[in-house]
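Trainee: Quick one, work25.cif (mmCIF, N, CA and C atoms):
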data_final
loop_
_atom_site.label_atom_id
_atom_site.label_comp_id
_atom_site.auth_asym_id
_atom_site.auth_seq_id
_atom_site.Cartn_x
_atom_site.Cartn_y
_atom_site.Cartn_z
N PRO A 1 14.55 36.87 2.56
CA PRO A 1 15.02 35.51 2.86
C PRO A 1 15.58 34.83 1.61
N ASN A 2 16.50 33.93 1.83
CA ASN A 2 17.08 33.14 0.74
C ASN A 2 16.13 31.98 0.45
N LEU A 3 15.46 32.05 -0.69
CA LEU A 3 14.46 31.04 -1.02
C LEU A 3 15.05 29.64 -1.19
N ALA A 4 16.33 29.55 -1.51
CA ALA A 4 16.97 28.24 -1.64
C ALA A 4 16.92 27.48 -0.32
N GLU A 5 16.86 28.20 0.79
CA GLU A 5 16.80 27.55 2.10
C GLU A 5 15.47 26.85 2.35
N LEU A 6 14.49 27.10 1.50
CA LEU A 6 13.19 26.45 1.64
C LEU A 6 13.04 25.21 0.75
N LEU A 7 14.05 24.94 -0.06
CA LEU A 7 13.93 23.85 -1.03
C LEU A 7 13.83 22.47 -0.38
N ASP A 8 14.37 22.30 0.83
CA ASP A 8 14.20 21.01 1.51
C ASP A 8 12.72 20.76 1.80
N LEU A 9 12.01 21.81 2.21
CA LEU A 9 10.56 21.69 2.44
C LEU A 9 9.80 21.47 1.15
N VAL A 10 10.24 22.14 0.09
CA VAL A 10 9.60 21.97 -1.22
C VAL A 10 9.72 20.51 -1.66
N ALA A 11 10.91 19.94 -1.52
CA ALA A 11 11.11 18.54 -1.93
C ALA A 11 10.25 17.61 -1.09
N LEU A 12 10.26 17.79 0.21
CA LEU A 12 9.47 16.93 1.09
C LEU A 12 7.98 17.04 0.78
N GLY A 13 7.48 18.25 0.67
CA GLY A 13 6.06 18.44 0.40
C GLY A 13 5.64 17.92 -0.96
N THR A 14 6.47 18.14 -1.96
CA THR A 14 6.15 17.70 -3.32
C THR A 14 6.06 16.19 -3.39
N VAL A 15 7.05 15.51 -2.84
CA VAL A 15 7.07 14.05 -2.92
C VAL A 15 6.03 13.43 -1.98
N ALA A 16 5.96 13.90 -0.74
CA ALA A 16 5.04 13.31 0.23
C ALA A 16 3.58 13.49 -0.18
N ASP A 17 3.28 14.59 -0.84
CA ASP A 17 1.90 14.84 -1.27
C ASP A 17 1.65 14.39 -2.70
N VAL A 18 2.60 13.70 -3.29
CA VAL A 18 2.48 13.12 -4.63
C VAL A 18 2.04 14.18 -5.65
N VAL A 19 2.73 15.31 -5.61
CA VAL A 19 2.48 16.38 -6.57
C VAL A 19 3.11 15.97 -7.91
N PRO A 20 2.40 16.16 -9.02
CA PRO A 20 2.99 15.80 -10.32
C PRO A 20 4.33 16.51 -10.54
N LEU A 21 5.28 15.76 -11.05
CA LEU A 21 6.61 16.32 -11.28
C LEU A 21 6.71 16.90 -12.69
N ASP A 22 6.10 18.06 -12.89
CA ASP A 22 6.29 18.75 -14.16
C ASP A 22 7.72 19.30 -14.17
N ALA A 23 8.09 19.99 -15.22
CA ALA A 23 9.47 20.45 -15.35
C ALA A 23 9.91 21.29 -14.16
N ASN A 24 9.08 22.23 -13.73
CA ASN A 24 9.46 23.10 -12.61
C ASN A 24 9.54 22.33 -11.30
N ASN A 25 8.53 21.51 -11.01
CA ASN A 25 8.54 20.75 -9.77
C ASN A 25 9.72 19.77 -9.72
N ARG A 26 10.04 19.19 -10.85
CA ARG A 26 11.17 18.26 -10.90
C ARG A 26 12.47 18.97 -10.52
N ILE A 27 12.67 20.15 -11.07
CA ILE A 27 13.90 20.91 -10.78
C ILE A 27 13.94 21.31 -9.30
N LEU A 28 12.83 21.84 -8.80
CA LEU A 28 12.79 22.28 -7.40
C LEU A 28 12.98 21.11 -6.45
N THR A 29 12.35 19.98 -6.77
CA THR A 29 12.49 18.79 -5.92
C THR A 29 13.92 18.28 -5.95
N TRP A 30 14.52 18.24 -7.12
CA TRP A 30 15.91 17.79 -7.25
C TRP A 30 16.84 18.69 -6.43
N GLN A 31 16.64 19.99 -6.55
CA GLN A 31 17.48 20.92 -5.80
C GLN A 31 17.28 20.75 -4.29
N GLY A 32 16.04 20.57 -3.87
CA GLY A 32 15.77 20.35 -2.45
C GLY A 32 16.40 19.07 -1.94
N MET A 33 16.30 18.01 -2.72
CA MET A 33 16.92 16.74 -2.32
C MET A 33 18.43 16.87 -2.28
N SER A 34 18.99 17.62 -3.20
CA SER A 34 20.44 17.85 -3.20
C SER A 34 20.87 18.59 -1.94
N ARG A 35 20.09 19.56 -1.52
CA ARG A 35 20.40 20.29 -0.29
C ARG A 35 20.32 19.36 0.92
N ILE A 36 19.31 18.50 0.95
CA ILE A 36 19.19 17.55 2.07
C ILE A 36 20.40 16.62 2.08
N ARG A 37 20.77 16.09 0.92
CA ARG A 37 21.93 15.19 0.84
C ARG A 37 23.20 15.87 1.33
N ALA A 38 23.31 17.17 1.08
CA ALA A 38 24.49 17.94 1.47
C ALA A 38 24.42 18.39 2.93
N GLY A 39 23.36 18.03 3.63
CA GLY A 39 23.21 18.42 5.03
C GLY A 39 22.71 19.84 5.21
N LYS A 40 22.26 20.46 4.14
CA LYS A 40 21.76 21.84 4.20
C LYS A 40 20.24 21.85 4.32
N CYS A 41 19.75 21.22 5.35
CA CYS A 41 18.31 21.17 5.57
C CYS A 41 18.02 21.53 7.02
N ARG A 42 16.77 21.76 7.28
CA ARG A 42 16.38 22.16 8.63
C ARG A 42 16.51 20.98 9.60
N PRO A 43 16.70 21.29 10.88
CA PRO A 43 16.88 20.24 11.88
C PRO A 43 15.74 19.22 11.92
N GLY A 44 14.52 19.65 11.66
CA GLY A 44 13.39 18.72 11.69
C GLY A 44 13.51 17.62 10.65
N ILE A 45 13.99 17.96 9.48
CA ILE A 45 14.17 16.95 8.43
C ILE A 45 15.32 16.03 8.81
N LYS A 46 16.40 16.59 9.35
CA LYS A 46 17.51 15.74 9.82
C LYS A 46 17.03 14.76 10.88
N ALA A 47 16.23 15.26 11.82
CA ALA A 47 15.73 14.41 12.91
C ALA A 47 14.79 13.32 12.39
N LEU A 48 13.94 13.66 11.42
CA LEU A 48 13.06 12.65 10.83
C LEU A 48 13.87 11.57 10.12
N LEU A 49 14.90 11.98 9.42
CA LEU A 49 15.77 11.01 8.75
C LEU A 49 16.41 10.08 9.77
N GLU A 50 16.83 10.63 10.90
CA GLU A 50 17.44 9.81 11.95
C GLU A 50 16.47 8.77 12.49
N VAL A 51 15.25 9.20 12.87
CA VAL A 51 14.30 8.24 13.45
C VAL A 51 13.84 7.21 12.43
N ALA A 52 13.91 7.57 11.15
CA ALA A 52 13.52 6.63 10.09
C ALA A 52 14.71 5.78 9.64
N ASN A 53 15.86 5.98 10.26
CA ASN A 53 17.08 5.24 9.90
C ASN A 53 17.43 5.38 8.43
N ARG A 54 17.35 6.60 7.94
CA ARG A 54 17.69 6.89 6.54
C ARG A 54 18.95 7.74 6.50
N ASP A 55 19.80 7.47 5.54
CA ASP A 55 21.05 8.20 5.36
C ASP A 55 20.79 9.40 4.46
N ALA A 56 20.95 10.60 4.99
CA ALA A 56 20.68 11.81 4.22
C ALA A 56 21.53 11.87 2.95
N GLN A 57 22.75 11.40 3.02
CA GLN A 57 23.64 11.47 1.86
C GLN A 57 23.18 10.56 0.72
N LYS A 58 22.38 9.56 1.04
CA LYS A 58 21.87 8.64 0.02
C LYS A 58 20.36 8.82 -0.18
N LEU A 59 19.86 9.99 0.16
CA LEU A 59 18.43 10.26 0.10
C LEU A 59 17.84 9.97 -1.27
N ALA A 60 16.72 9.26 -1.27
CA ALA A 60 15.94 9.01 -2.49
C ALA A 60 14.54 9.58 -2.28
N ALA A 61 13.85 9.81 -3.36
CA ALA A 61 12.48 10.31 -3.26
C ALA A 61 11.62 9.37 -2.42
N SER A 62 11.87 8.08 -2.51
CA SER A 62 11.09 7.12 -1.73
C SER A 62 11.27 7.34 -0.22
N ASP A 63 12.42 7.85 0.20
CA ASP A 63 12.61 8.16 1.62
C ASP A 63 11.66 9.27 2.06
N LEU A 64 11.50 10.26 1.21
CA LEU A 64 10.58 11.37 1.53
C LEU A 64 9.14 10.89 1.52
N GLY A 65 8.78 10.08 0.52
CA GLY A 65 7.39 9.66 0.36
C GLY A 65 6.95 8.56 1.29
N PHE A 66 7.86 7.65 1.63
CA PHE A 66 7.46 6.47 2.40
C PHE A 66 8.04 6.41 3.81
N ALA A 67 8.97 7.28 4.14
CA ALA A 67 9.55 7.28 5.49
C ALA A 67 9.23 8.57 6.24
N LEU A 68 9.50 9.71 5.63
CA LEU A 68 9.27 10.98 6.31
C LEU A 68 7.81 11.42 6.24
N GLY A 69 7.23 11.37 5.06
CA GLY A 69 5.85 11.81 4.89
C GLY A 69 4.86 11.14 5.82
N PRO A 70 4.86 9.81 5.92
CA PRO A 70 3.91 9.15 6.82
C PRO A 70 4.09 9.54 8.28
N ARG A 71 5.32 9.78 8.69
CA ARG A 71 5.54 10.20 10.08
C ARG A 71 4.94 11.58 10.32
N LEU A 72 5.13 12.48 9.39
CA LEU A 72 4.53 13.82 9.52
C LEU A 72 3.01 13.74 9.50
N ASN A 73 2.47 12.94 8.60
CA ASN A 73 1.02 12.85 8.45
C ASN A 73 0.34 12.13 9.61
N ALA A 74 1.07 11.26 10.30
CA ALA A 74 0.48 10.51 11.41
C ALA A 74 -0.02 11.45 12.50
N ALA A 75 0.66 12.56 12.70
CA ALA A 75 0.25 13.50 13.74
C ALA A 75 -1.15 14.03 13.46
N GLY A 76 -1.41 14.42 12.23
CA GLY A 76 -2.71 14.95 11.87
C GLY A 76 -3.80 13.90 11.88
N ARG A 77 -3.44 12.66 11.59
CA ARG A 77 -4.43 11.59 11.55
C ARG A 77 -4.84 11.13 12.94
N LEU A 78 -3.89 11.13 13.87
CA LEU A 78 -4.17 10.57 15.19
C LEU A 78 -4.26 11.60 16.30
N ASP A 79 -3.66 12.75 16.10
CA ASP A 79 -3.56 13.68 17.21
C ASP A 79 -3.71 15.10 16.68
N ASP A 80 -2.65 15.86 16.74
CA ASP A 80 -2.68 17.27 16.38
C ASP A 80 -1.52 17.55 15.43
N MET A 81 -1.84 18.05 14.25
CA MET A 81 -0.82 18.29 13.23
C MET A 81 0.22 19.32 13.67
N SER A 82 -0.07 20.06 14.74
CA SER A 82 0.88 21.09 15.17
C SER A 82 2.23 20.50 15.56
N VAL A 83 2.27 19.23 15.93
CA VAL A 83 3.55 18.59 16.25
C VAL A 83 4.43 18.56 15.01
N GLY A 84 3.86 18.19 13.87
CA GLY A 84 4.61 18.16 12.62
C GLY A 84 5.04 19.54 12.19
N VAL A 85 4.15 20.51 12.34
CA VAL A 85 4.49 21.89 11.99
C VAL A 85 5.62 22.39 12.88
N ALA A 86 5.52 22.13 14.17
CA ALA A 86 6.57 22.54 15.11
C ALA A 86 7.91 21.92 14.73
N LEU A 87 7.88 20.67 14.33
CA LEU A 87 9.12 19.99 13.92
C LEU A 87 9.76 20.71 12.74
N LEU A 88 8.96 21.02 11.74
CA LEU A 88 9.51 21.64 10.54
C LEU A 88 9.95 23.08 10.77
N LEU A 89 9.40 23.74 11.77
CA LEU A 89 9.77 25.12 12.06
C LEU A 89 10.89 25.25 13.08
N CYS A 90 11.19 24.17 13.77
CA CYS A 90 12.14 24.23 14.87
C CYS A 90 13.58 24.41 14.37
N ASP A 91 14.35 25.19 15.11
CA ASP A 91 15.74 25.49 14.73
C ASP A 91 16.76 24.72 15.55
N ASN A 92 16.30 23.97 16.53
CA ASN A 92 17.19 23.30 17.46
C ASN A 92 17.13 21.79 17.22
N ILE A 93 18.28 21.17 16.97
CA ILE A 93 18.30 19.74 16.64
C ILE A 93 17.83 18.89 17.82
N GLY A 94 18.13 19.30 19.05
CA GLY A 94 17.68 18.55 20.22
C GLY A 94 16.16 18.53 20.32
N GLU A 95 15.56 19.69 20.17
CA GLU A 95 14.10 19.79 20.18
C GLU A 95 13.50 19.03 19.00
N ALA A 96 14.16 19.12 17.86
CA ALA A 96 13.69 18.41 16.66
C ALA A 96 13.69 16.90 16.89
N ARG A 97 14.69 16.40 17.56
CA ARG A 97 14.76 14.95 17.83
C ARG A 97 13.61 14.51 18.74
N VAL A 98 13.29 15.33 19.74
CA VAL A 98 12.17 15.01 20.63
C VAL A 98 10.88 14.94 19.83
N LEU A 99 10.65 15.95 18.99
CA LEU A 99 9.43 15.99 18.18
C LEU A 99 9.40 14.85 17.16
N ALA A 100 10.55 14.55 16.55
CA ALA A 100 10.62 13.46 15.58
C ALA A 100 10.31 12.12 16.24
N ASN A 101 10.78 11.93 17.45
CA ASN A 101 10.47 10.69 18.18
C ASN A 101 8.99 10.61 18.50
N GLU A 102 8.38 11.75 18.83
CA GLU A 102 6.94 11.77 19.09
C GLU A 102 6.17 11.39 17.82
N LEU A 103 6.59 11.95 16.69
CA LEU A 103 5.94 11.61 15.41
C LEU A 103 6.16 10.15 15.05
N ASP A 104 7.35 9.64 15.34
CA ASP A 104 7.64 8.24 15.05
C ASP A 104 6.72 7.32 15.86
N ALA A 105 6.51 7.67 17.14
CA ALA A 105 5.61 6.88 17.99
C ALA A 105 4.17 6.95 17.47
N LEU A 106 3.74 8.14 17.05
CA LEU A 106 2.40 8.27 16.48
C LEU A 106 2.26 7.45 15.21
N ASN A 107 3.31 7.44 14.40
CA ASN A 107 3.27 6.66 13.17
C ASN A 107 3.19 5.16 13.47
N GLN A 108 3.89 4.72 14.50
CA GLN A 108 3.83 3.31 14.89
C GLN A 108 2.41 2.96 15.35
N THR A 109 1.80 3.86 16.12
CA THR A 109 0.42 3.65 16.56
C THR A 109 -0.51 3.58 15.35
N ARG A 110 -0.30 4.47 14.38
CA ARG A 110 -1.12 4.46 13.16
C ARG A 110 -1.00 3.13 12.44
N LYS A 111 0.22 2.62 12.33
CA LYS A 111 0.44 1.32 11.67
C LYS A 111 -0.31 0.21 12.39
N GLU A 112 -0.26 0.22 13.73
CA GLU A 112 -0.94 -0.81 14.51
C GLU A 112 -2.45 -0.72 14.32
N ILE A 113 -2.98 0.49 14.30
CA ILE A 113 -4.42 0.68 14.08
C ILE A 113 -4.80 0.16 12.69
N GLU A 114 -4.01 0.51 11.69
CA GLU A 114 -4.29 0.05 10.32
C GLU A 114 -4.22 -1.46 10.23
N GLN A 115 -3.25 -2.06 10.90
CA GLN A 115 -3.13 -3.52 10.88
C GLN A 115 -4.37 -4.16 11.50
N GLY A 116 -4.83 -3.62 12.62
CA GLY A 116 -6.04 -4.13 13.26
C GLY A 116 -7.26 -3.98 12.37
N MET A 117 -7.36 -2.86 11.68
CA MET A 117 -8.48 -2.64 10.77
C MET A 117 -8.43 -3.61 9.60
N GLN A 118 -7.23 -3.90 9.13
CA GLN A 118 -7.08 -4.83 8.02
C GLN A 118 -7.51 -6.24 8.44
N VAL A 119 -7.09 -6.66 9.61
CA VAL A 119 -7.48 -7.98 10.12
C VAL A 119 -8.99 -8.04 10.29
N GLU A 120 -9.58 -6.98 10.83
CA GLU A 120 -11.03 -6.94 11.01
C GLU A 120 -11.76 -7.00 9.67
N ALA A 121 -11.27 -6.27 8.69
CA ALA A 121 -11.91 -6.27 7.36
C ALA A 121 -11.81 -7.65 6.71
N LEU A 122 -10.65 -8.28 6.82
CA LEU A 122 -10.49 -9.62 6.24
C LEU A 122 -11.40 -10.63 6.93
N THR A 123 -11.53 -10.51 8.24
CA THR A 123 -12.42 -11.41 8.98
C THR A 123 -13.86 -11.23 8.52
N LEU A 124 -14.29 -9.99 8.35
CA LEU A 124 -15.65 -9.73 7.86
C LEU A 124 -15.84 -10.29 6.45
N CYS A 125 -14.84 -10.14 5.60
CA CYS A 125 -14.93 -10.68 4.24
C CYS A 125 -15.06 -12.20 4.25
N GLU A 126 -14.28 -12.84 5.12
CA GLU A 126 -14.36 -14.30 5.22
C GLU A 126 -15.74 -14.73 5.71
N LYS A 127 -16.30 -14.01 6.67
CA LYS A 127 -17.65 -14.33 7.16
C LYS A 127 -18.68 -14.16 6.05
N LEU A 128 -18.55 -13.10 5.28
CA LEU A 128 -19.47 -12.88 4.16
C LEU A 128 -19.34 -14.00 3.13
N GLU A 129 -18.13 -14.41 2.87
CA GLU A 129 -17.89 -15.48 1.90
C GLU A 129 -18.52 -16.78 2.38
N ARG A 130 -18.34 -17.09 3.68
CA ARG A 130 -18.93 -18.31 4.24
C ARG A 130 -20.45 -18.25 4.21
N SER A 131 -21.02 -17.09 4.54
CA SER A 131 -22.49 -16.99 4.54
C SER A 131 -23.03 -17.05 3.11
N ARG A 132 -22.28 -16.58 2.15
CA ARG A 132 -22.70 -16.66 0.75
C ARG A 132 -22.75 -18.12 0.30
N ASP A 133 -21.79 -18.90 0.77
CA ASP A 133 -21.74 -20.31 0.39
C ASP A 133 -22.92 -21.10 0.96
N THR A 134 -23.53 -20.63 2.04
CA THR A 134 -24.63 -21.37 2.66
C THR A 134 -26.00 -20.89 2.19
N LEU A 135 -26.04 -19.90 1.32
CA LEU A 135 -27.33 -19.42 0.79
C LEU A 135 -27.92 -20.46 -0.16
N PRO A 136 -29.28 -20.55 -0.20
CA PRO A 136 -29.91 -21.53 -1.10
C PRO A 136 -29.71 -21.18 -2.56
#
Re-express the file's structure as structure tokens.

Mentor:
Amino acid sequence: PNLAELLDLVALGTVADVVPLDANNRILTWQGMSRIRAGKCRPGIKALLEVANRDAQKLAASDLGFALGPRLNAAGRLDDMSVGVALLLCDNIGEARVLANELDALNQTRKEIEQGMQVEALTLCEKLERSRDTLP
């Protein structure tokens, strides 16, 4: 196999998992991002970029870390990571779009759950603060 064809995955995995960018990782990530910008990436990455409303030609590391990565990770956090794996392995753009939309919906659910947890935590903190003020 042509290992250059895997560089899109290398870039996504390196940035999304916050792997230190030593000299080798920096080069591999740069090459992978260049391939994505040139449209030489797998359909799953193209589909994720579409659902995240990101322009592949203007791809930045932040797109991988803050737009694509969370969508992929949402599947494992809320459901079954096999959806993300299937997306990255899929060769058909139509199937990739269906899977990317499923991941996008899971990510939206994750955001809503996190928002609810944040509100609950802040409410508990406020109650603790009020009860502390009433202690003798």

Trainee: Dump as a Markdown table the rows for residues of region 25-97 of chain A within 8 Å of region 5-10 of chain A: closest atom pair and distance in Å with one decimal, all atoms listed in the file counted, ordered by chain and rising residue number.

Mentor:
| residue | atom | partner | partner_atom | distance |
| --- | --- | --- | --- | --- |
| A:Leu28 | C | A:Val10 | C | 5.8 |
| A:Thr29 | CA | A:Val10 | C | 5.4 |
| A:Trp30 | N | A:Val10 | C | 7.6 |
| A:Gln31 | C | A:Leu7 | C | 5.5 |
| A:Gly32 | CA | A:Leu7 | C | 3.5 |
| A:Met33 | N | A:Asp8 | CA | 5.6 |
| A:Ser34 | N | A:Asp8 | CA | 7.5 |
| A:Arg35 | C | A:Asp8 | CA | 6.4 |
| A:Ile36 | N | A:Asp8 | CA | 5.7 |
| A:Lys40 | C | A:Asp8 | CA | 6.7 |
| A:Cys41 | CA | A:Asp8 | CA | 5.8 |
| A:Arg42 | N | A:Asp8 | CA | 6.4 |
| A:Ile45 | CA | A:Asp8 | C | 7.8 |

Trainee: If we count all atoms listed in the file and set the cut-off at 6.5 Å, which residues sit around Leu64 (chain A), ignoring sequence neighbours fewer than 6 positions away in its own chain? Please answer as number ranges by chain.

Mentor: A: 12, 15-16, 70

Trainee: Selection in question (the file shown): the PyMOL selection byres ((chain A and resi 50-53) around 8). Which residues does it include, as a PyMOL selection string?

Mentor: chain A and resi 44-49+54-56+67-68+97+100-101+104

Trainee: At a cut-off of 7 Å, using only N, CA and C atoms, what residues contact Ala75 (chain A)? Leave out same-chain residues fewer than 6 positions from it and give the result as a PyMOL selection string.

Mentor: chain A and resi 81-84+103+106-107

Trainee: Work out how far atom C of Gln108 (chain A) is from atom C of Cys90 (chain A), in Å to one decimal.

Mentor: 24.2 Å

Trainee: Return as a compact mmCIF listing (two decimals) with N, CA and C atoms, keeping the file's coordinate frame the full set of residues in region 10-97 of chain A whose backbone-based DSSP assignment is helix (DSSP H, G or I).

Mentor:
# COMPACT_ATOMS: atom_id res chain seq x y z
N VAL A 10 10.24 22.14 0.09
CA VAL A 10 9.60 21.97 -1.22
C VAL A 10 9.72 20.51 -1.66
N ALA A 11 10.91 19.94 -1.52
CA ALA A 11 11.11 18.54 -1.93
C ALA A 11 10.25 17.61 -1.09
N LEU A 12 10.26 17.79 0.21
CA LEU A 12 9.47 16.93 1.09
C LEU A 12 7.98 17.04 0.78
N GLY A 13 7.48 18.25 0.67
CA GLY A 13 6.06 18.44 0.40
C GLY A 13 5.64 17.92 -0.96
N THR A 14 6.47 18.14 -1.96
CA THR A 14 6.15 17.70 -3.32
C THR A 14 6.06 16.19 -3.39
N VAL A 15 7.05 15.51 -2.84
CA VAL A 15 7.07 14.05 -2.92
C VAL A 15 6.03 13.43 -1.98
N ALA A 16 5.96 13.90 -0.74
CA ALA A 16 5.04 13.31 0.23
C ALA A 16 3.58 13.49 -0.18
N ALA A 23 8.09 19.99 -15.22
CA ALA A 23 9.47 20.45 -15.35
C ALA A 23 9.91 21.29 -14.16
N ASN A 24 9.08 22.23 -13.73
CA ASN A 24 9.46 23.10 -12.61
C ASN A 24 9.54 22.33 -11.30
N ASN A 25 8.53 21.51 -11.01
CA ASN A 25 8.54 20.75 -9.77
C ASN A 25 9.72 19.77 -9.72
N ARG A 26 10.04 19.19 -10.85
CA ARG A 26 11.17 18.26 -10.90
C ARG A 26 12.47 18.97 -10.52
N ILE A 27 12.67 20.15 -11.07
CA ILE A 27 13.90 20.91 -10.78
C ILE A 27 13.94 21.31 -9.30
N LEU A 28 12.83 21.84 -8.80
CA LEU A 28 12.79 22.28 -7.40
C LEU A 28 12.98 21.11 -6.45
N THR A 29 12.35 19.98 -6.77
CA THR A 29 12.49 18.79 -5.92
C THR A 29 13.92 18.28 -5.95
N TRP A 30 14.52 18.24 -7.12
CA TRP A 30 15.91 17.79 -7.25
C TRP A 30 16.84 18.69 -6.43
N GLN A 31 16.64 19.99 -6.55
CA GLN A 31 17.48 20.92 -5.80
C GLN A 31 17.28 20.75 -4.29
N GLY A 32 16.04 20.57 -3.87
CA GLY A 32 15.77 20.35 -2.45
C GLY A 32 16.40 19.07 -1.94
N MET A 33 16.30 18.01 -2.72
CA MET A 33 16.92 16.74 -2.32
C MET A 33 18.43 16.87 -2.28
N SER A 34 18.99 17.62 -3.20
CA SER A 34 20.44 17.85 -3.20
C SER A 34 20.87 18.59 -1.94
N ARG A 35 20.09 19.56 -1.52
CA ARG A 35 20.40 20.29 -0.29
C ARG A 35 20.32 19.36 0.92
N ILE A 36 19.31 18.50 0.95
CA ILE A 36 19.19 17.55 2.07
C ILE A 36 20.40 16.62 2.08
N ARG A 37 20.77 16.09 0.92
CA ARG A 37 21.93 15.19 0.84
C ARG A 37 23.20 15.87 1.33
N PRO A 43 16.70 21.29 10.88
CA PRO A 43 16.88 20.24 11.88
C PRO A 43 15.74 19.22 11.92
N GLY A 44 14.52 19.65 11.66
CA GLY A 44 13.39 18.72 11.69
C GLY A 44 13.51 17.62 10.65
N ILE A 45 13.99 17.96 9.48
CA ILE A 45 14.17 16.95 8.43
C ILE A 45 15.32 16.03 8.81
N LYS A 46 16.40 16.59 9.35
CA LYS A 46 17.51 15.74 9.82
C LYS A 46 17.03 14.76 10.88
N ALA A 47 16.23 15.26 11.82
CA ALA A 47 15.73 14.41 12.91
C ALA A 47 14.79 13.32 12.39
N LEU A 48 13.94 13.66 11.42
CA LEU A 48 13.06 12.65 10.83
C LEU A 48 13.87 11.57 10.12
N LEU A 49 14.90 11.98 9.42
CA LEU A 49 15.77 11.01 8.75
C LEU A 49 16.41 10.08 9.77
N GLU A 50 16.83 10.63 10.90
CA GLU A 50 17.44 9.81 11.95
C GLU A 50 16.47 8.77 12.49
N VAL A 51 15.25 9.20 12.87
CA VAL A 51 14.30 8.24 13.45
C VAL A 51 13.84 7.21 12.43
N ALA A 56 20.95 10.60 4.99
CA ALA A 56 20.68 11.81 4.22
C ALA A 56 21.53 11.87 2.95
N GLN A 57 22.75 11.40 3.02
CA GLN A 57 23.64 11.47 1.86
C GLN A 57 23.18 10.56 0.72
N LYS A 58 22.38 9.56 1.04
CA LYS A 58 21.87 8.64 0.02
C LYS A 58 20.36 8.82 -0.18
N ALA A 61 13.85 9.81 -3.36
CA ALA A 61 12.48 10.31 -3.26
C ALA A 61 11.62 9.37 -2.42
N SER A 62 11.87 8.08 -2.51
CA SER A 62 11.09 7.12 -1.73
C SER A 62 11.27 7.34 -0.22
N ASP A 63 12.42 7.85 0.20
CA ASP A 63 12.61 8.16 1.62
C ASP A 63 11.66 9.27 2.06
N LEU A 64 11.50 10.26 1.21
CA LEU A 64 10.58 11.37 1.53
C LEU A 64 9.14 10.89 1.52
N GLY A 65 8.78 10.08 0.52
CA GLY A 65 7.39 9.66 0.36
C GLY A 65 6.95 8.56 1.29
N PHE A 66 7.86 7.65 1.63
CA PHE A 66 7.46 6.47 2.40
C PHE A 66 8.04 6.41 3.81
N ALA A 67 8.97 7.28 4.14
CA ALA A 67 9.55 7.28 5.49
C ALA A 67 9.23 8.57 6.24
N LEU A 68 9.50 9.71 5.63
CA LEU A 68 9.27 10.98 6.31
C LEU A 68 7.81 11.42 6.24
N GLY A 69 7.23 11.37 5.06
CA GLY A 69 5.85 11.81 4.89
C GLY A 69 4.86 11.14 5.82
N PRO A 70 4.86 9.81 5.92
CA PRO A 70 3.91 9.15 6.82
C PRO A 70 4.09 9.54 8.28
N ARG A 71 5.32 9.78 8.69
CA ARG A 71 5.54 10.20 10.08
C ARG A 71 4.94 11.58 10.32
N LEU A 72 5.13 12.48 9.39
CA LEU A 72 4.53 13.82 9.52
C LEU A 72 3.01 13.74 9.50
N ASN A 73 2.47 12.94 8.60
CA ASN A 73 1.02 12.85 8.45
C ASN A 73 0.34 12.13 9.61
N ALA A 74 1.07 11.26 10.30
CA ALA A 74 0.48 10.51 11.41
C ALA A 74 -0.02 11.45 12.50
N ALA A 75 0.66 12.56 12.70
CA ALA A 75 0.25 13.50 13.74
C ALA A 75 -1.15 14.03 13.46
N GLY A 76 -1.41 14.42 12.23
CA GLY A 76 -2.71 14.95 11.87
C GLY A 76 -3.80 13.90 11.88
N ARG A 77 -3.44 12.66 11.59
CA ARG A 77 -4.43 11.59 11.55
C ARG A 77 -4.84 11.13 12.94
N LEU A 78 -3.89 11.13 13.87
CA LEU A 78 -4.17 10.57 15.19
C LEU A 78 -4.26 11.60 16.30
N SER A 82 -0.07 20.06 14.74
CA SER A 82 0.88 21.09 15.17
C SER A 82 2.23 20.50 15.56
N VAL A 83 2.27 19.23 15.93
CA VAL A 83 3.55 18.59 16.25
C VAL A 83 4.43 18.56 15.01
N GLY A 84 3.86 18.19 13.87
CA GLY A 84 4.61 18.16 12.62
C GLY A 84 5.04 19.54 12.19
N VAL A 85 4.15 20.51 12.34
CA VAL A 85 4.49 21.89 11.99
C VAL A 85 5.62 22.39 12.88
N ALA A 86 5.52 22.13 14.17
CA ALA A 86 6.57 22.54 15.11
C ALA A 86 7.91 21.92 14.73
N LEU A 87 7.88 20.67 14.33
CA LEU A 87 9.12 19.99 13.92
C LEU A 87 9.76 20.71 12.74
N LEU A 88 8.96 21.02 11.74
CA LEU A 88 9.51 21.64 10.54
C LEU A 88 9.95 23.08 10.77
N LEU A 89 9.40 23.74 11.77
CA LEU A 89 9.77 25.12 12.06
C LEU A 89 10.89 25.25 13.08
N ILE A 93 18.28 21.17 16.97
CA ILE A 93 18.30 19.74 16.64
C ILE A 93 17.83 18.89 17.82
N GLY A 94 18.13 19.30 19.05
CA GLY A 94 17.68 18.55 20.22
C GLY A 94 16.16 18.53 20.32
N GLU A 95 15.56 19.69 20.17
CA GLU A 95 14.10 19.79 20.18
C GLU A 95 13.50 19.03 19.00
N ALA A 96 14.16 19.12 17.86
CA ALA A 96 13.69 18.41 16.66
C ALA A 96 13.69 16.90 16.89
N ARG A 97 14.69 16.40 17.56
CA ARG A 97 14.76 14.95 17.83
C ARG A 97 13.61 14.51 18.74

Trainee: Ranking A:Pro43, A:Glu114, A:Phe66, A:Ala61 by minimum distance to Leu88 (chain A) and counting all atoms listed in the file, which one comes first?

Mentor: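 Comparing A:Pro43, A:Glu114, A:Phe66, A:Ala61 against Leu88 (chain A), the winner is A:Pro43.
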
Trainee: Quick check, in Å to one decimal: how far apart do CA of Ala74 (chain A) and CA of Asn92 (chain A) lie?

Mentor: 21.9 Å

Trainee: By how many Å are CA of Ala60 (chain A) and CA of Asn73 (chain A) apart?

Mentor: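 So the two atoms, CA of Ala60 (chain A) and CA of Asn73 (chain A), lie 18.9 Å apart.
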
Trainee: My list of candidates is A:Ala96, A:Leu128, A:Leu78, A:Leu87. Which is closest to Thr109 (chain A) when distances are computed with only C-alpha atoms?

Mentor: A:Leu78

Trainee: Which one of A:Ala11, A:Cys125, A:Val119, A:Leu59 sits closest to Arg26 (chain A) if you count only C-alpha atoms?

Mentor: A:Ala11
